[in-house]
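Shown next, in C-alpha cells, is the structure this report addresses.
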Amino acid sequence: MTKDEAFEFLDRTARGIAGMFGPACETLVQDMGRPDHPILSIYNGQVSGREVGSTLDILGSDKSLDTAQRTTDFVNLYAIAPTGAQVKSSTFHLMGEDFNLALGIDFDFTSLSFANRTLVGLMSADADLQSALWQGGEGKLAGIFDECLNSLGKPVDALDKRERMRLVALLDQRNAFSFRKSVPYVATRLKVSRYTVYKYLDELAEEKAAAKKE
C-alpha cells in the first residue's frame, strides 16, 4: 500500500464516520511521519476549531511529538478542546515503509453531559412518597402491629411458629411491610431475626402461589 492509497482509505473512513455520527463527531487524517503531525483532511472541524494544515492537537497544543507518541494508538481518552467542548478522543495509526498516517476521532459529548445533568435533576427526589405520606411511620407501624397481635389474643412470648406466621400474614394484609425498615421493626417486636421474618414472608408467598394453582 502506498502513502496515497493509505490516505485515500483513511480519508474515506473519516468522511464516513463523520457523516454517520453527525456534527458532534470530528474526524481527521494526520501525517504522523512528521513531528508536527499536520492535518491532511478534517471533517466537522468546528468541534476543535481546526482545519487542514493545522499542527494543533485536540488540546490546542502544537508541541512536537517524539517517535513513541507518533506510533502509539490512543483509544477513548477524555479531553477538553480549545472550543470548550468535552471530547472523547481516539487515534489509530496506519503505517507503511514510507508513511505513518493516523485517523483521529473526536466526539463532542458536551450536550449529552448537560442532558445527563438535566435527567439526574428530573429523576431526583427529596424522599419517597410513602415516608412523606406517613410521617411518624414507625408509630403507624406500631399501631398496626398491636392491632394484629391483639387479634390473636396472645402476647408475643406465647406465640408459636404457626401463630407468628399468622401475625406476619395479618401484617402483610395491612401493607405493614410497605413502611421503611418494617422488617427490622417486626423482627424486634417478635424477638426473632430479620432472616426469620423474611423466611416467613417467603413461606407465605409460596402458600399463596400454591393456592392459585389449585
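Labeling convention for the C-alpha cells: chains A, B, ... as they appear, residues from 1 per chain, ligands from 1 in order of appearance.
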
Please provide as a PDB file with N, CA, C and O atoms, in the first residue's frame all residues within 12 Å of Arg15 (chain A), with the sequence filter that same-chain residues fewer than 3 positions apart are discarded (counting only C-alpha atoms).
ATOM      1  N   PHE A   7      -3.800   7.154   2.487  1.00  0.00           N
ATOM      2  CA  PHE A   7      -4.530   8.388   2.762  1.00  0.00           C
ATOM      3  C   PHE A   7      -5.954   8.308   2.217  1.00  0.00           C
ATOM      4  O   PHE A   7      -6.909   8.715   2.887  1.00  0.00           O
ATOM      5  N   GLU A   8      -6.097   7.784   0.993  1.00  0.00           N
ATOM      6  CA  GLU A   8      -7.433   7.682   0.383  1.00  0.00           C
ATOM      7  C   GLU A   8      -8.346   6.831   1.244  1.00  0.00           C
ATOM      8  O   GLU A   8      -9.515   7.169   1.464  1.00  0.00           O
ATOM      9  N   PHE A   9      -7.819   5.736   1.780  1.00  0.00           N
ATOM     10  CA  PHE A   9      -8.620   4.854   2.628  1.00  0.00           C
ATOM     11  C   PHE A   9      -9.006   5.547   3.931  1.00  0.00           C
ATOM     12  O   PHE A   9     -10.170   5.537   4.345  1.00  0.00           O
ATOM     13  N   LEU A  10      -8.037   6.159   4.608  1.00  0.00           N
ATOM     14  CA  LEU A  10      -8.324   6.830   5.878  1.00  0.00           C
ATOM     15  C   LEU A  10      -9.236   8.028   5.690  1.00  0.00           C
ATOM     16  O   LEU A  10     -10.126   8.285   6.518  1.00  0.00           O
ATOM     17  N   ASP A  11      -9.048   8.770   4.617  1.00  0.00           N
ATOM     18  CA  ASP A  11      -9.892   9.930   4.352  1.00  0.00           C
ATOM     19  C   ASP A  11     -11.335   9.500   4.104  1.00  0.00           C
ATOM     20  O   ASP A  11     -12.273  10.130   4.590  1.00  0.00           O
ATOM     21  N   ARG A  12     -11.487   8.427   3.367  1.00  0.00           N
ATOM     22  CA  ARG A  12     -12.832   7.911   3.102  1.00  0.00           C
ATOM     23  C   ARG A  12     -13.478   7.417   4.395  1.00  0.00           C
ATOM     24  O   ARG A  12     -14.678   7.631   4.630  1.00  0.00           O
ATOM     25  N   ALA A  18     -17.738  10.659  10.160  1.00  0.00           N
ATOM     26  CA  ALA A  18     -18.286  11.984  10.441  1.00  0.00           C
ATOM     27  C   ALA A  18     -19.722  12.100   9.946  1.00  0.00           C
ATOM     28  O   ALA A  18     -20.588  12.676  10.614  1.00  0.00           O
ATOM     29  N   GLY A  19     -19.976  11.540   8.767  1.00  0.00           N
ATOM     30  CA  GLY A  19     -21.326  11.583   8.229  1.00  0.00           C
ATOM     31  C   GLY A  19     -22.290  10.736   9.032  1.00  0.00           C
ATOM     32  O   GLY A  19     -23.459  11.091   9.205  1.00  0.00           O
ATOM     33  N   MET A  20     -21.802   9.624   9.554  1.00  0.00           N
ATOM     34  CA  MET A  20     -22.655   8.710  10.302  1.00  0.00           C
ATOM     35  C   MET A  20     -23.044   9.261  11.670  1.00  0.00           C
ATOM     36  O   MET A  20     -24.197   9.164  12.090  1.00  0.00           O
ATOM     37  N   PHE A  21     -22.076   9.871  12.362  1.00  0.00           N
ATOM     38  CA  PHE A  21     -22.332  10.329  13.720  1.00  0.00           C
ATOM     39  C   PHE A  21     -22.654  11.821  13.822  1.00  0.00           C
ATOM     40  O   PHE A  21     -22.947  12.322  14.907  1.00  0.00           O
ATOM     41  N   GLY A  22     -22.600  12.543  12.707  1.00  0.00           N
ATOM     42  CA  GLY A  22     -23.074  13.914  12.684  1.00  0.00           C
ATOM     43  C   GLY A  22     -22.075  14.953  13.149  1.00  0.00           C
ATOM     44  O   GLY A  22     -20.899  14.659  13.395  1.00  0.00           O
ATOM     45  N   PRO A  23     -22.536  16.197  13.261  1.00  0.00           N
ATOM     46  CA  PRO A  23     -21.656  17.345  13.535  1.00  0.00           C
ATOM     47  C   PRO A  23     -20.930  17.310  14.871  1.00  0.00           C
ATOM     48  O   PRO A  23     -19.994  18.072  15.076  1.00  0.00           O
ATOM     49  N   CYS A  25     -19.225  14.838  15.811  1.00  0.00           N
ATOM     50  CA  CYS A  25     -18.098  13.918  15.651  1.00  0.00           C
ATOM     51  C   CYS A  25     -17.095  14.472  14.642  1.00  0.00           C
ATOM     52  O   CYS A  25     -17.368  14.521  13.447  1.00  0.00           O
ATOM     53  N   GLU A  26     -15.956  14.899  15.145  1.00  0.00           N
ATOM     54  CA  GLU A  26     -14.878  15.396  14.287  1.00  0.00           C
ATOM     55  C   GLU A  26     -13.958  14.232  13.932  1.00  0.00           C
ATOM     56  O   GLU A  26     -13.561  13.449  14.802  1.00  0.00           O
ATOM     57  N   THR A  27     -13.631  14.120  12.655  1.00  0.00           N
ATOM     58  CA  THR A  27     -12.679  13.106  12.219  1.00  0.00           C
ATOM     59  C   THR A  27     -11.607  13.772  11.371  1.00  0.00           C
ATOM     60  O   THR A  27     -11.870  14.768  10.687  1.00  0.00           O
ATOM     61  N   LEU A  28     -10.406  13.224  11.391  1.00  0.00           N
ATOM     62  CA  LEU A  28      -9.317  13.828  10.647  1.00  0.00           C
ATOM     63  C   LEU A  28      -8.243  12.798  10.334  1.00  0.00           C
ATOM     64  O   LEU A  28      -8.171  11.742  10.971  1.00  0.00           O
ATOM     65  N   VAL A  29      -7.436  13.132   9.342  1.00  0.00           N
ATOM     66  CA  VAL A  29      -6.275  12.315   8.989  1.00  0.00           C
ATOM     67  C   VAL A  29      -5.043  13.179   9.176  1.00  0.00           C
ATOM     68  O   VAL A  29      -4.990  14.313   8.688  1.00  0.00           O
ATOM     69  N   SER A  41      -6.614  16.110   6.239  1.00  0.00           N
ATOM     70  CA  SER A  41      -8.045  16.285   5.933  1.00  0.00           C
ATOM     71  C   SER A  41      -8.801  16.269   7.256  1.00  0.00           C
ATOM     72  O   SER A  41      -8.359  15.640   8.226  1.00  0.00           O
ATOM     73  N   ILE A  42      -9.925  16.968   7.296  1.00  0.00           N
ATOM     74  CA  ILE A  42     -10.698  17.043   8.538  1.00  0.00           C
ATOM     75  C   ILE A  42     -12.166  17.277   8.221  1.00  0.00           C
ATOM     76  O   ILE A  42     -12.515  17.967   7.253  1.00  0.00           O
ATOM     77  N   TYR A  43     -13.029  16.679   9.013  1.00  0.00           N
ATOM     78  CA  TYR A  43     -14.480  16.812   8.852  1.00  0.00           C
ATOM     79  C   TYR A  43     -15.078  17.211  10.206  1.00  0.00           C
ATOM     80  O   TYR A  43     -14.660  16.720  11.255  1.00  0.00           O
ATOM     81  N   ASN A  44     -16.048  18.096  10.168  1.00  0.00           N
ATOM     82  CA  ASN A  44     -16.656  18.645  11.387  1.00  0.00           C
ATOM     83  C   ASN A  44     -15.598  19.290  12.281  1.00  0.00           C
ATOM     84  O   ASN A  44     -15.585  19.113  13.498  1.00  0.00           O
ATOM     85  N   GLY A  45     -14.727  20.060  11.663  1.00  0.00           N
ATOM     86  CA  GLY A  45     -13.646  20.714  12.386  1.00  0.00           C
ATOM     87  C   GLY A  45     -14.098  21.726  13.412  1.00  0.00           C
ATOM     88  O   GLY A  45     -13.286  22.189  14.219  1.00  0.00           O
ATOM     89  N   LEU A 103      -5.727   8.145  11.828  1.00  0.00           N
ATOM     90  CA  LEU A 103      -7.129   8.557  11.806  1.00  0.00           C
ATOM     91  C   LEU A 103      -7.495   9.020  13.209  1.00  0.00           C
ATOM     92  O   LEU A 103      -7.351   8.277  14.184  1.00  0.00           O
ATOM     93  N   GLY A 104      -7.935  10.260  13.321  1.00  0.00           N
ATOM     94  CA  GLY A 104      -8.357  10.788  14.612  1.00  0.00           C
ATOM     95  C   GLY A 104      -9.868  10.910  14.676  1.00  0.00           C
ATOM     96  O   GLY A 104     -10.512  11.315  13.701  1.00  0.00           O
ATOM     97  N   ILE A 105     -10.446  10.543  15.805  1.00  0.00           N
ATOM     98  CA  ILE A 105     -11.892  10.646  16.020  1.00  0.00           C
ATOM     99  C   ILE A 105     -12.106  11.379  17.336  1.00  0.00           C
ATOM    100  O   ILE A 105     -11.643  10.940  18.392  1.00  0.00           O
TER     101      ILE A 105
END

Which of region 159-193 of chain A fall in helix (DSSP H, G or I), as a list in words: Lys161, Arg162, Glu163, Arg164, Met165, Arg166, Leu167, Val168, Ala169, Leu170, Leu171, Asp172, Gln173, Ala176, Phe177, Ser178, Ser182, Val183, Pro184, Tyr185, Val186, Ala187, Thr188, Arg189 and Leu190 of chain A

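With distances restricted to only C-alpha atoms, A:Asp57 is the closest residue to Ser90 (chain A) from A:Glu5, A:Asp62, A:Asp157, A:Asp57.
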
Excluding Thr71 (chain A) and residues on its chain fewer than 3 positions from it, collect all residues at most 10 Å away from it, counting only C-alpha atoms, and give them as an MDAnalysis selection string. chainID A and resid 32:33 65:68 74 91:95 100:102

How many Å lie between CA of Pro82 (chain A) and CA of Ser64 (chain A), rounded to one decimal? 17.9 Å

Fewer than 2 positions away in the same chain doesn't count, so skip those; otherwise give me all residues within 6 Å of Phe107 (chain A), counting only C-alpha atoms, as a PDB file with C-alpha atoms, in the first residue's frame.
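Below you can see out_18.pdb, which holds the result:
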ATOM      1  CA  ALA A  24     -20.646  16.366  17.066  1.00  0.00           C
ATOM      2  CA  CYS A  25     -18.098  13.918  15.651  1.00  0.00           C
ATOM      3  CA  VAL A  87     -14.446  15.338  23.956  1.00  0.00           C
ATOM      4  CA  LYS A  88     -13.765  11.618  23.794  1.00  0.00           C
TER       5      LYS A  88
END

Neighbours of Val186 (chain A) within 8 Å (only C-alpha atoms; same-chain residues fewer than 4 positions away dropped), as a list in words?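 The residues that qualify are Phe145, Ser182, Leu190 and Val197 of chain A.
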
Among region 21-214 of chain A, which residues does DSSP mark as strand (DSSP E) when it is run on the backbone? Keep the chain and numbering as in the structure and answer as a VMD selection string. chain A and resid 25 to 31 39 to 43 74 to 80 86 to 95 100 to 108

Those residues you just picked out, can you put them in a file as a compact mmCIF listing (two decimals), in the first residue's frame with N, CA, C and O atoms?
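Saved file selection.txt follows:
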# COMPACT_ATOMS: atom_id res chain seq x y z
N CYS A 25 -19.23 14.84 15.81
CA CYS A 25 -18.10 13.92 15.65
C CYS A 25 -17.10 14.47 14.64
O CYS A 25 -17.37 14.52 13.45
N GLU A 26 -15.96 14.90 15.14
CA GLU A 26 -14.88 15.40 14.29
C GLU A 26 -13.96 14.23 13.93
O GLU A 26 -13.56 13.45 14.80
N THR A 27 -13.63 14.12 12.65
CA THR A 27 -12.68 13.11 12.22
C THR A 27 -11.61 13.77 11.37
O THR A 27 -11.87 14.77 10.69
N LEU A 28 -10.41 13.22 11.39
CA LEU A 28 -9.32 13.83 10.65
C LEU A 28 -8.24 12.80 10.33
O LEU A 28 -8.17 11.74 10.97
N VAL A 29 -7.44 13.13 9.34
CA VAL A 29 -6.27 12.31 8.99
C VAL A 29 -5.04 13.18 9.18
O VAL A 29 -4.99 14.31 8.69
N GLN A 30 -4.05 12.66 9.89
CA GLN A 30 -2.83 13.41 10.18
C GLN A 30 -1.61 12.68 9.63
O GLN A 30 -1.59 11.44 9.56
N ASP A 31 -0.61 13.45 9.27
CA ASP A 31 0.67 12.88 8.84
C ASP A 31 1.55 12.73 10.08
O ASP A 31 2.22 13.67 10.50
N ILE A 39 -2.51 18.24 9.88
CA ILE A 39 -3.78 17.65 9.47
C ILE A 39 -3.88 17.68 7.96
O ILE A 39 -3.72 18.73 7.32
N LEU A 40 -4.14 16.51 7.35
CA LEU A 40 -4.25 16.40 5.90
C LEU A 40 -5.69 16.54 5.42
O LEU A 40 -5.94 17.03 4.31
N SER A 41 -6.61 16.11 6.24
CA SER A 41 -8.04 16.29 5.93
C SER A 41 -8.80 16.27 7.26
O SER A 41 -8.36 15.64 8.23
N ILE A 42 -9.93 16.97 7.30
CA ILE A 42 -10.70 17.04 8.54
C ILE A 42 -12.17 17.28 8.22
O ILE A 42 -12.51 17.97 7.25
N TYR A 43 -13.03 16.68 9.01
CA TYR A 43 -14.48 16.81 8.85
C TYR A 43 -15.08 17.21 10.21
O TYR A 43 -14.66 16.72 11.25
N PHE A 74 -4.16 5.76 20.66
CA PHE A 74 -4.81 6.23 21.88
C PHE A 74 -6.31 6.04 21.71
O PHE A 74 -6.89 6.52 20.72
N VAL A 75 -6.94 5.34 22.64
CA VAL A 75 -8.35 4.98 22.47
C VAL A 75 -9.21 5.49 23.62
O VAL A 75 -8.90 5.25 24.80
N ASN A 76 -10.27 6.20 23.27
CA ASN A 76 -11.31 6.62 24.21
C ASN A 76 -10.75 7.42 25.39
O ASN A 76 -11.00 7.09 26.55
N LEU A 77 -10.03 8.48 25.10
CA LEU A 77 -9.47 9.34 26.13
C LEU A 77 -10.26 10.64 26.24
O LEU A 77 -10.79 11.13 25.25
N TYR A 78 -10.32 11.18 27.47
CA TYR A 78 -11.07 12.41 27.70
C TYR A 78 -10.20 13.63 27.42
O TYR A 78 -9.01 13.65 27.74
N ALA A 79 -10.79 14.64 26.82
CA ALA A 79 -10.06 15.89 26.55
C ALA A 79 -11.04 17.05 26.51
O ALA A 79 -12.24 16.87 26.28
N ILE A 80 -10.51 18.25 26.72
CA ILE A 80 -11.29 19.47 26.55
C ILE A 80 -10.65 20.25 25.41
O ILE A 80 -9.49 20.66 25.50
N GLN A 86 -16.30 19.18 25.55
CA GLN A 86 -15.86 17.97 26.25
C GLN A 86 -15.82 16.86 25.22
O GLN A 86 -16.83 16.57 24.58
N VAL A 87 -14.67 16.24 25.08
CA VAL A 87 -14.45 15.34 23.96
C VAL A 87 -13.92 13.98 24.41
O VAL A 87 -13.13 13.88 25.34
N LYS A 88 -14.37 12.94 23.71
CA LYS A 88 -13.76 11.62 23.79
C LYS A 88 -12.92 11.46 22.54
O LYS A 88 -13.43 11.60 21.42
N SER A 89 -11.62 11.19 22.72
CA SER A 89 -10.70 11.22 21.59
C SER A 89 -9.98 9.88 21.40
O SER A 89 -9.56 9.25 22.38
N SER A 90 -9.86 9.47 20.14
CA SER A 90 -9.12 8.26 19.79
C SER A 90 -8.26 8.52 18.56
O SER A 90 -8.64 9.31 17.69
N THR A 91 -7.11 7.86 18.49
CA THR A 91 -6.21 7.97 17.35
C THR A 91 -5.74 6.58 16.94
O THR A 91 -5.28 5.81 17.80
N PHE A 92 -5.86 6.28 15.65
CA PHE A 92 -5.47 4.97 15.14
C PHE A 92 -4.47 5.15 13.99
O PHE A 92 -4.72 5.91 13.05
N HIS A 93 -3.35 4.43 14.06
CA HIS A 93 -2.28 4.60 13.08
C HIS A 93 -2.36 3.57 11.95
O HIS A 93 -2.78 2.43 12.15
N LEU A 94 -1.95 4.00 10.78
CA LEU A 94 -1.77 3.12 9.63
C LEU A 94 -0.39 3.43 9.07
O LEU A 94 -0.15 4.52 8.54
N MET A 95 0.53 2.49 9.21
CA MET A 95 1.93 2.74 8.85
C MET A 95 2.41 1.80 7.75
O MET A 95 1.97 0.65 7.66
N ASN A 100 3.39 7.19 7.74
CA ASN A 100 2.77 6.97 9.05
C ASN A 100 1.61 7.94 9.15
O ASN A 100 1.78 9.11 9.46
N LEU A 101 0.44 7.45 8.84
CA LEU A 101 -0.77 8.27 8.89
C LEU A 101 -1.63 7.83 10.07
O LEU A 101 -1.52 6.71 10.56
N ALA A 102 -2.49 8.72 10.50
CA ALA A 102 -3.36 8.39 11.63
C ALA A 102 -4.76 8.93 11.40
O ALA A 102 -4.94 10.03 10.87
N LEU A 103 -5.73 8.14 11.83
CA LEU A 103 -7.13 8.56 11.81
C LEU A 103 -7.50 9.02 13.21
O LEU A 103 -7.35 8.28 14.18
N GLY A 104 -7.93 10.26 13.32
CA GLY A 104 -8.36 10.79 14.61
C GLY A 104 -9.87 10.91 14.68
O GLY A 104 -10.51 11.31 13.70
N ILE A 105 -10.45 10.54 15.81
CA ILE A 105 -11.89 10.65 16.02
C ILE A 105 -12.11 11.38 17.34
O ILE A 105 -11.64 10.94 18.39
N ASP A 106 -12.79 12.50 17.28
CA ASP A 106 -13.06 13.32 18.47
C ASP A 106 -14.55 13.56 18.58
O ASP A 106 -15.12 14.31 17.78
N PHE A 107 -15.17 12.93 19.56
CA PHE A 107 -16.62 13.06 19.72
C PHE A 107 -16.96 14.05 20.83
O PHE A 107 -16.57 13.88 21.98
N ASP A 108 -17.70 15.08 20.48
CA ASP A 108 -18.10 16.13 21.42
C ASP A 108 -19.37 15.69 22.15
O ASP A 108 -20.45 15.63 21.57

Using only C-alpha atoms, the shortest atom-to-atom distance to Asn175 (chain A) among A:Arg50, A:Arg189, A:Leu141, A:Asp160 belongs to A:Leu141

Could you list, as an mmCIF file with N, CA and C atoms, in the first residue's frame, every residue within 12 Å of region 204-213 of chain A, counting only C-alpha atoms and ignoring same-chain residues fewer than 5 positions away?
data_model
loop_
_atom_site.group_PDB
_atom_site.id
_atom_site.type_symbol
_atom_site.label_atom_id
_atom_site.label_comp_id
_atom_site.auth_asym_id
_atom_site.auth_seq_id
_atom_site.Cartn_x
_atom_site.Cartn_y
_atom_site.Cartn_z
ATOM 1 N N ARG A 162 -46.481 -21.178 64.103
ATOM 2 C CA ARG A 162 -47.674 -21.020 63.267
ATOM 3 C C ARG A 162 -48.369 -19.708 63.554
ATOM 4 N N ARG A 164 -46.909 -16.992 64.858
ATOM 5 C CA ARG A 164 -46.073 -15.880 64.389
ATOM 6 C C ARG A 164 -46.252 -15.668 62.886
ATOM 7 N N MET A 165 -46.362 -16.771 62.158
ATOM 8 C CA MET A 165 -46.601 -16.652 60.721
ATOM 9 C C MET A 165 -47.966 -16.037 60.453
ATOM 10 N N ARG A 166 -48.949 -16.396 61.281
ATOM 11 C CA ARG A 166 -50.280 -15.803 61.138
ATOM 12 C C ARG A 166 -50.224 -14.300 61.369
ATOM 13 N N LEU A 167 -49.423 -13.889 62.353
ATOM 14 C CA LEU A 167 -49.271 -12.465 62.634
ATOM 15 C C LEU A 167 -48.598 -11.753 61.469
ATOM 16 N N VAL A 168 -47.565 -12.360 60.908
ATOM 17 C CA VAL A 168 -46.890 -11.768 59.751
ATOM 18 C C VAL A 168 -47.854 -11.675 58.572
ATOM 19 N N ALA A 169 -48.702 -12.687 58.410
ATOM 20 C CA ALA A 169 -49.681 -12.664 57.329
ATOM 21 C C ALA A 169 -50.663 -11.509 57.513
ATOM 22 N N LEU A 170 -51.098 -11.290 58.737
ATOM 23 C CA LEU A 170 -52.010 -10.183 59.028
ATOM 24 C C LEU A 170 -51.332 -8.838 58.750
ATOM 25 N N LEU A 171 -50.076 -8.729 59.157
ATOM 26 C CA LEU A 171 -49.329 -7.501 58.895
ATOM 27 C C LEU A 171 -49.195 -7.252 57.398
ATOM 28 N N ASP A 172 -48.948 -8.322 56.660
ATOM 29 C CA ASP A 172 -48.811 -8.200 55.203
ATOM 30 C C ASP A 172 -50.116 -7.732 54.571
ATOM 31 N N GLN A 173 -51.241 -8.256 55.091
ATOM 32 C CA GLN A 173 -52.548 -7.846 54.573
ATOM 33 C C GLN A 173 -52.814 -6.368 54.840
ATOM 34 N N VAL A 197 -38.071 -13.322 59.686
ATOM 35 C CA VAL A 197 -39.218 -12.595 59.136
ATOM 36 C C VAL A 197 -39.270 -12.752 57.621
ATOM 37 N N TYR A 198 -38.120 -12.614 56.976
ATOM 38 C CA TYR A 198 -38.077 -12.797 55.522
ATOM 39 C C TYR A 198 -38.482 -14.222 55.150
ATOM 40 N N LYS A 199 -38.066 -15.195 55.962
ATOM 41 C CA LYS A 199 -38.424 -16.591 55.710
ATOM 42 C C LYS A 199 -39.926 -16.788 55.816
#
